[in-house]
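Some notes on the structure that comes next.
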There are 2 protein chains.
Amino acid sequence: MVRIKFNPYGREIEVPDGENLLEAVRKAGIFMDTPCNGSGACGKCKVRVISGNIISMSSKNITETEKKNGYVLACQSIIKGNAVVEIPETESSSMHGMKIEDFSSSREKDIFNDSRERMLKSGMKFGTYVKKEYLELDPPTLDDNISDFERLKRHVKKQLNYNSVFCRLPILKKIPKLLRKADFKITITHIPRGKEKTTIINIEEGDKTKELYGAAVDIGTTSVAACLVDLYNGELIAKASSGNAQMKYGADVINRIIYSTKGSGLEELNHAVIQETINPLLSKMYMDSGISRDQVVSFVAAGNTTMSHLFLGVYPNFLRMEPYIPAFVKTPFIKASELDIEVNPETFIYLVPSVASYVGGDISSGVLSSGIWNSEENILFIDLGTNGEIVFGNSEYLMTCACSAGPAFEGGEISCGMRASGGAVEKVSIDSSYEPTLKVIGQEKPLGICGSGIIDLICEMMFAGIIDRKGKIVRDLDTNRIRFDEHGIGEYILAFKEQCDLERDISITEVDIDNFIRAKAAIYSGITTLLKDLSMDFTDIDKIYIAGGIGNSLDIGNAVKIGMLPDIDQNKIHYIGNSSLMGCYLTLMSEDARRKLEEIANSMTYVELSVEPEYMDEFVSACFLPHTDIDKFPTVKRCFNKSV
Amino acid sequence: MVRIKFNPYGREIEVPDGENLLEAVRKAGIFMDTPCNGSGACGKCKVRVISGNIISMSSKNITETEKKNGYVLACQSIIKGNAVVEIPETESSSMHGMKIEDFSSSREKDIFNDSRERMLKSGMKFGTYVKKEYLELDPPTLDDNISDFERLKRHVKKQLNYNSVFCRLPILKKIPKLLRKADFKITITHIPRGKEKTTIINIEEGDKTKELYGAAVDIGTTSVAACLVDLYNGELIAKASSGNAQMKYGADVINRIIYSTKGSGLEELNHAVIQETINPLLSKMYMDSGISRDQVVSFVAAGNTTMSHLFLGVYPNFLRMEPYIPAFVKTPFIKASELDIEVNPETFIYLVPSVASYVGGDISSGVLSSGIWNSEENILFIDLGTNGEIVFGNSEYLMTCACSAGPAFEGGEISCGMRASGGAVEKVSIDSSYEPTLKVIGQEKPLGICGSGIIDLICEMMFAGIIDRKGKIVRDLDTNRIRFDEHGIGEYILAFKEQCDLERDISITEVDIDNFIRAKAAIYSGITTLLKDLSMDFTDIDKIYIAGGIGNSLDIGNAVKIGMLPDIDQNKIHYIGNSSLMGCYLTLMSEDARRKLEEIANSMTYVELSVEPEYMDEFVSACFLPHTDIDKFPTVKRCFNKSV
């Protein structure tokens, strides 16, 4: 065994001689964002060897200067003796493994209110299935000496008119001491089923009938967002979001699924999303609001089908093997205590049902909150998270498909990419001397670039003449912002390291641009294929809703110009934010919404793009800026003509 | 902190300077039977200090010779520095904290068969609520690509004709891998509710329909007995019993309740009965039978009301405080995984309902198996375990009461007392020269004396003239078996230490005899009080059934002669063994039996002896051998006349 110490954390662990350094980082409980999951490709697990015997393979991701200064890729390094290693502090690594931030902004609040209004207008009523009642029991005497449990049930039956009253062991354990402490004046939280039966899920001292809370969580592959809600009036009590701690095991669902098949991989992934992501978000919200865990008695979560499997700890490997079968789409009855989720242990965990292996509960939830199911117009719904799912339809029908877009819209597989959080470049413009102007989230010094920033950047580079329509950087331009490496791969520098106190410039490479073009092409070709299946075209689209983690600052015009979205009237295109979280919120608040959600998940028709003959052609044609056929993008054509 | 090492275990732990030595023994995970729970009264926590600084109070339980040899009472000793201490090996302490032994004997097998026959004769049918079915699912294809979970449910609905099929998370987790490993040919275990609904609680590979097992457990205050049953044919697969590991926290329910109120006492008591007692018994039975934990899908347990509370981890303290309220008498729905009981995690834990604070599920269960509820004759049922409960009645009515008899019938509060297990003296006769003949369980050298042995011993001492009718030892008899200590307290030596390789003679003291007389008087006066309440007397008793841990070798004649049982025709008195375990077995095997059991628990009328005015007088009169009024015992009177 050898000892290895990690700075600046001061954590020290023992590992076997010959251990992989990235493994050791994980064992020490330190979070590193490793999108390629240890293949050496992404270069994100860069660490600095301060002292000790560590043997590393050379890598194109480590410059000569970095090498001289002791930098290595952790995943390409083997520990051969005691060592001290420094983990660079970056956006995605912090003392507790992640940053947690609020996601409130006035724009998001508007979106939130819109969604709520839409629900109420559609005729759905507020009203959760969890109820509270204040009760004053008769204290026991020698003559009235039935057990505490029966006394409680007797009173609930009599006062609330139920024939059967159930309650489980954790509540029974609370009863004897609490009843006496409360002088037999208590508040019960219960879940009626019909008019005959009810189940008590909590008891509290005194009158607590006004304190009834629920939590909603959107489990994204890259980001997780949560909110705490007052179930009486629908008020948002607290909000929080962070990266999904599963990122250390791979950036996209396929890498996560592969990791789940290895040793205790499934347990680690489950632990990462619940213990390292969701529970810290809940704790943060409890701290912000002063609400206690025990008062949270309703819970709704949504995620894609893989995230849903990993959330429950269910083996997901058959999702990626023909015939692509999920273990489940609708979950059984699960209590919070079974998953160690930090809400009241008796809380029922509602995981929004999936549609198919690659269209998950997040899409069902997004469709609910966007109101497509209630619309007479044809609406195209696009979720731009990791991958990218599309729904097209109206109140009569709903078609859906999944695009293999990868994590690029959330900054994944982009060398300086990051989530739309503090320090991310969210807007870019480039002037005629190739100089960029950046807008950074939180007004901070830039740390990286998020999805909306990349769209702007590629669009601006195209119109500034920095890249051609294949995404290749033009040679011999008069600027110090462009450079080429020894292999001839070009990059454009958005921010020099001196500007942003980083060890490395923030730049976009031709490889990044290529990755992003394939991502946007996957979306565009998904849209065209789905419409063709319905014998429709862009003129049949009345509205486009964009949802997902791409960021608040998405410039829809630019998204059209790079050929991600069809070139239709841009007034028809709207960014609707995290529609999945919104759907979870509505489900928390309304039993009508929950029923509608189940109906939506059941009724959506799934189209498997990989078996559609024309999809591949559509994709290849879309791997251009904006498209091989520029006539499909008259707006872009006009711009080019103008600038010529 | 100081280090303390325990021989012969070789265990070493660190404890704070000043720690109580008995506490340290417990912290080291070493089992000691401490009936008085550390008050210094019982003298059972004797240990030997080999080296080190340990300060002990002197005690009447330590002889001068013992003191010279380093013996101290652990509970009366304080650790003041590093030390090495030897724990004497006794019946109740072994490497794993307890001995586990079979309890099969031909007599018990007869009792078992009788009980089963009685049930079948009463018209109850065998048939458990847990069912198994072999299913061959259609493997998924691209066209039939519903989820695994829905595929299973679809098939169960179709083939077994249910409208609703439920199953919980642990089963869902098993499904994806198991279905494929089994080539979609599986056996489900399920629990139907009516004809419409069923819940799947296990899935297995291939056809396992013939493997369906259940476990029954009687949780006594002193002893725990368990059996493993084939649910198809009722065959007993394995049996095991052991001491209740809670004994280290006190011999009787009152001491246990008090311990539960201290710090983590409740959790420790719960851990002791489940992790240190029931689970080892289950493991032993799995080892003996080759059956795996997962195949055990039904579980029934019974215990007195305090044991029931501690089994579930429910605070029992209000049981002993006026108005003596149990937290529950009937339990909610509980799964094995909630209590960490080592059967299939989805198994429903059925704990037999109690009647009142001091008449528990063990009595309900005993009444079921004894068949009183179905008898036209008046039957008196007496459970001689720790304490002692009485039921009187027939098919028309059932009256019950609890006697404060303490643990004497199971060897508790008797200086050389022990459970009826290997090494216990179970039968005694004494000849005219005051020499005893002993029968020892397992033909071993004697280690102590159990309840049936004590009854014989007291009876024989009385007729041999060794004790008078108050239980006092007669002075100046010509035998080396009698001696008196410095306080004048006499004792009779059953076995000299040289005979049995012990550090101390096996003897009975006047204090022990006094304790036992009070125990038998509690039973006798309980019987008379209950009958008086009904305006009846002994002539109304058609049969007496004796149940409980007193031991197989109970000599009924002697029990009458010492005045524990009424002096009626002894052909009417029968020992029926562990009727509580038998009732659990019947409940496992038959839904009819379970319904009857609930009916029994609901319908029994509880009489609180402590508020009955004549009870105290009856008790005092019974504190004689056999009674202050010898005319109530004509048999004994005749014997005395004969011997005179």
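FYI, nothing fancy with the structure tokens labels: chains A, B, ... in order, residues from 1 per chain, ligands from 1 as they appear.
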*asked:* So that I can see what lies close to segment 478-480 of chain A, please list as a PyMOL selection string the residues with an atom at most 10 Å from it, counting only C-alpha atoms and leaving out residues fewer than 6 positions away in the same chain.
replied: chain A and resi 433-435+492-493
When the cut-off is 10 Å and we count only C-alpha atoms, which residues of chain A are near chain B, given as a PDB file with C-alpha atoms, in the first residue's frame?
ATOM      1  CA  PRO A 140     -55.766   7.155  28.290  1.00  0.00           C
ATOM      2  CA  THR A 141     -57.144   6.127  31.674  1.00  0.00           C
ATOM      3  CA  LEU A 142     -57.397   2.810  33.527  1.00  0.00           C
ATOM      4  CA  ASP A 143     -60.875   2.428  32.065  1.00  0.00           C
ATOM      5  CA  ASP A 144     -60.021   3.584  28.558  1.00  0.00           C
ATOM      6  CA  ASN A 145     -56.725   1.739  28.229  1.00  0.00           C
ATOM      7  CA  ILE A 146     -56.538   0.742  24.573  1.00  0.00           C
ATOM      8  CA  SER A 147     -53.094   1.023  22.987  1.00  0.00           C
ATOM      9  CA  ASP A 148     -51.730   4.323  21.693  1.00  0.00           C
ATOM     10  CA  PHE A 149     -51.882   3.047  18.133  1.00  0.00           C
ATOM     11  CA  GLU A 150     -55.537   2.035  18.406  1.00  0.00           C
ATOM     12  CA  ARG A 151     -56.371   5.274  20.185  1.00  0.00           C
ATOM     13  CA  PHE A 166     -53.107   2.516   8.138  1.00  0.00           C
ATOM     14  CA  CYS A 167     -49.726   3.543   9.337  1.00  0.00           C
ATOM     15  CA  ARG A 168     -46.297   1.977   9.132  1.00  0.00           C
ATOM     16  CA  LEU A 169     -43.580   1.109  11.615  1.00  0.00           C
ATOM     17  CA  PRO A 170     -41.674   4.454  11.601  1.00  0.00           C
ATOM     18  CA  ILE A 171     -44.847   6.266  12.672  1.00  0.00           C
ATOM     19  CA  LEU A 172     -45.657   3.636  15.292  1.00  0.00           C
ATOM     20  CA  LYS A 173     -42.174   4.179  16.714  1.00  0.00           C
ATOM     21  CA  LYS A 174     -42.864   7.895  17.075  1.00  0.00           C
ATOM     22  CA  ILE A 175     -46.259   7.517  18.704  1.00  0.00           C
ATOM     23  CA  PRO A 176     -45.694   6.672  22.403  1.00  0.00           C
ATOM     24  CA  LYS A 177     -43.316   9.514  23.287  1.00  0.00           C
ATOM     25  CA  ARG A 180     -47.414  12.346  25.695  1.00  0.00           C
ATOM     26  CA  HIS A 309     -32.848   3.668 -13.646  1.00  0.00           C
ATOM     27  CA  LEU A 312     -33.630   3.792  -8.321  1.00  0.00           C
ATOM     28  CA  GLY A 313     -30.457   1.696  -8.542  1.00  0.00           C
ATOM     29  CA  VAL A 314     -31.922  -0.491 -11.304  1.00  0.00           C
ATOM     30  CA  TYR A 315     -29.517  -2.119 -13.781  1.00  0.00           C
ATOM     31  CA  PRO A 316     -29.762  -0.061 -17.004  1.00  0.00           C
ATOM     32  CA  ASN A 317     -27.570  -2.063 -19.377  1.00  0.00           C
ATOM     33  CA  PHE A 318     -30.354  -3.519 -21.495  1.00  0.00           C
ATOM     34  CA  LEU A 319     -31.324   0.038 -22.513  1.00  0.00           C
ATOM     35  CA  GLU A 322     -31.001  -4.419 -28.916  1.00  0.00           C
ATOM     36  CA  PRO A 323     -34.008  -4.567 -28.571  1.00  0.00           C
ATOM     37  CA  TYR A 324     -33.385  -1.631 -26.152  1.00  0.00           C
ATOM     38  CA  ILE A 325     -35.649  -2.631 -23.261  1.00  0.00           C
ATOM     39  CA  PRO A 326     -36.022  -0.475 -20.144  1.00  0.00           C
ATOM     40  CA  ALA A 327     -36.436  -2.345 -16.859  1.00  0.00           C
ATOM     41  CA  PHE A 328     -39.420  -0.101 -16.185  1.00  0.00           C
ATOM     42  CA  VAL A 329     -41.162   2.996 -17.449  1.00  0.00           C
ATOM     43  CA  LYS A 330     -43.543   3.414 -14.507  1.00  0.00           C
ATOM     44  CA  THR A 331     -42.219   2.859 -11.016  1.00  0.00           C
ATOM     45  CA  PRO A 332     -43.708   0.823  -8.209  1.00  0.00           C
ATOM     46  CA  PHE A 333     -44.614   2.408  -4.859  1.00  0.00           C
ATOM     47  CA  ILE A 334     -41.388   3.613  -3.216  1.00  0.00           C
ATOM     48  CA  LYS A 335     -40.855   5.355   0.114  1.00  0.00           C
ATOM     49  CA  SER A 337     -36.481   5.834   3.226  1.00  0.00           C
ATOM     50  CA  GLU A 338     -35.916   3.085   0.660  1.00  0.00           C
ATOM     51  CA  LEU A 339     -33.739   5.429  -1.384  1.00  0.00           C
ATOM     52  CA  VAL A 355     -42.041   6.837 -22.695  1.00  0.00           C
ATOM     53  CA  ALA A 356     -39.272   4.591 -24.028  1.00  0.00           C
ATOM     54  CA  SER A 357     -35.595   3.773 -23.568  1.00  0.00           C
TER      55      SER A 357
END
*Do a neighbour search on Val229 of chain A at 12 Å with only C-alpha atoms, toss out local chain neighbours closer than 4 positions, and write the hits as a VMD selection string.*
chain A and resid 128 211 to 217 233 to 239 282 285 to 286 289 291 295 to 300 581 to 582 584 to 589
For Ile191 of chain A, list every protein, DNA or RNA residue within 8 Å, evaluated using only C-alpha atoms, and leave out those in the same chain fewer than 2 positions away; present the list as a PDB file with N, CA, C and O atoms, in the first residue's frame.
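Here's the written file selection-v7.pdb:
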ATOM      1  N   TYR A 129     -52.438  15.307  -2.914  1.00  0.00           N
ATOM      2  CA  TYR A 129     -53.053  14.123  -2.304  1.00  0.00           C
ATOM      3  C   TYR A 129     -52.651  13.954  -0.838  1.00  0.00           C
ATOM      4  O   TYR A 129     -53.176  13.101  -0.157  1.00  0.00           O
ATOM      5  N   VAL A 130     -51.729  14.774  -0.375  1.00  0.00           N
ATOM      6  CA  VAL A 130     -51.305  14.680   1.028  1.00  0.00           C
ATOM      7  C   VAL A 130     -52.085  15.707   1.846  1.00  0.00           C
ATOM      8  O   VAL A 130     -52.166  16.865   1.463  1.00  0.00           O
ATOM      9  N   LYS A 131     -52.683  15.248   2.940  1.00  0.00           N
ATOM     10  CA  LYS A 131     -53.523  16.129   3.756  1.00  0.00           C
ATOM     11  C   LYS A 131     -52.992  16.206   5.175  1.00  0.00           C
ATOM     12  O   LYS A 131     -52.326  15.301   5.638  1.00  0.00           O
ATOM     13  N   THR A 189     -50.290  13.868   9.235  1.00  0.00           N
ATOM     14  CA  THR A 189     -50.221  14.021   7.788  1.00  0.00           C
ATOM     15  C   THR A 189     -50.664  12.686   7.221  1.00  0.00           C
ATOM     16  O   THR A 189     -50.191  11.646   7.670  1.00  0.00           O
ATOM     17  N   ARG A 193     -57.015   7.301   0.405  1.00  0.00           N
ATOM     18  CA  ARG A 193     -57.287   6.613  -0.866  1.00  0.00           C
ATOM     19  C   ARG A 193     -58.792   6.417  -0.917  1.00  0.00           C
ATOM     20  O   ARG A 193     -59.324   5.589  -0.176  1.00  0.00           O
ATOM     21  N   THR A 198     -57.322   5.669   4.728  1.00  0.00           N
ATOM     22  CA  THR A 198     -56.239   6.642   4.697  1.00  0.00           C
ATOM     23  C   THR A 198     -55.005   6.065   5.379  1.00  0.00           C
ATOM     24  O   THR A 198     -55.118   5.141   6.192  1.00  0.00           O
ATOM     25  N   THR A 199     -53.854   6.596   5.001  1.00  0.00           N
ATOM     26  CA  THR A 199     -52.591   6.148   5.578  1.00  0.00           C
ATOM     27  C   THR A 199     -51.908   7.336   6.234  1.00  0.00           C
ATOM     28  O   THR A 199     -51.692   8.361   5.581  1.00  0.00           O
ATOM     29  N   ILE A 200     -51.572   7.186   7.504  1.00  0.00           N
ATOM     30  CA  ILE A 200     -50.890   8.256   8.234  1.00  0.00           C
ATOM     31  C   ILE A 200     -49.405   8.177   7.925  1.00  0.00           C
ATOM     32  O   ILE A 200     -48.785   7.122   8.101  1.00  0.00           O
ATOM     33  N   ILE A 201     -48.810   9.268   7.438  1.00  0.00           N
ATOM     34  CA  ILE A 201     -47.384   9.219   7.111  1.00  0.00           C
ATOM     35  C   ILE A 201     -46.539  10.104   8.023  1.00  0.00           C
ATOM     36  O   ILE A 201     -45.321  10.091   7.932  1.00  0.00           O
TER      37      ILE A 201
END
*Run DSSP on the backbone of this structure and report the residues of segment 249-383 of chain A it assigns to alpha helix (DSSP H), as a ChimeraX atom specification.*
/A:253-260,265-273,279-289,305-312,336-339,361-370
*asked:* Which residues are close to Gly40 of chain A, i.e. within 9 Å by only C-alpha atoms, leaving aside same-chain residues fewer than 4 positions away? Reply as a PyMOL selection string.
replied: chain A and resi 36+44-45+59+61+73-76
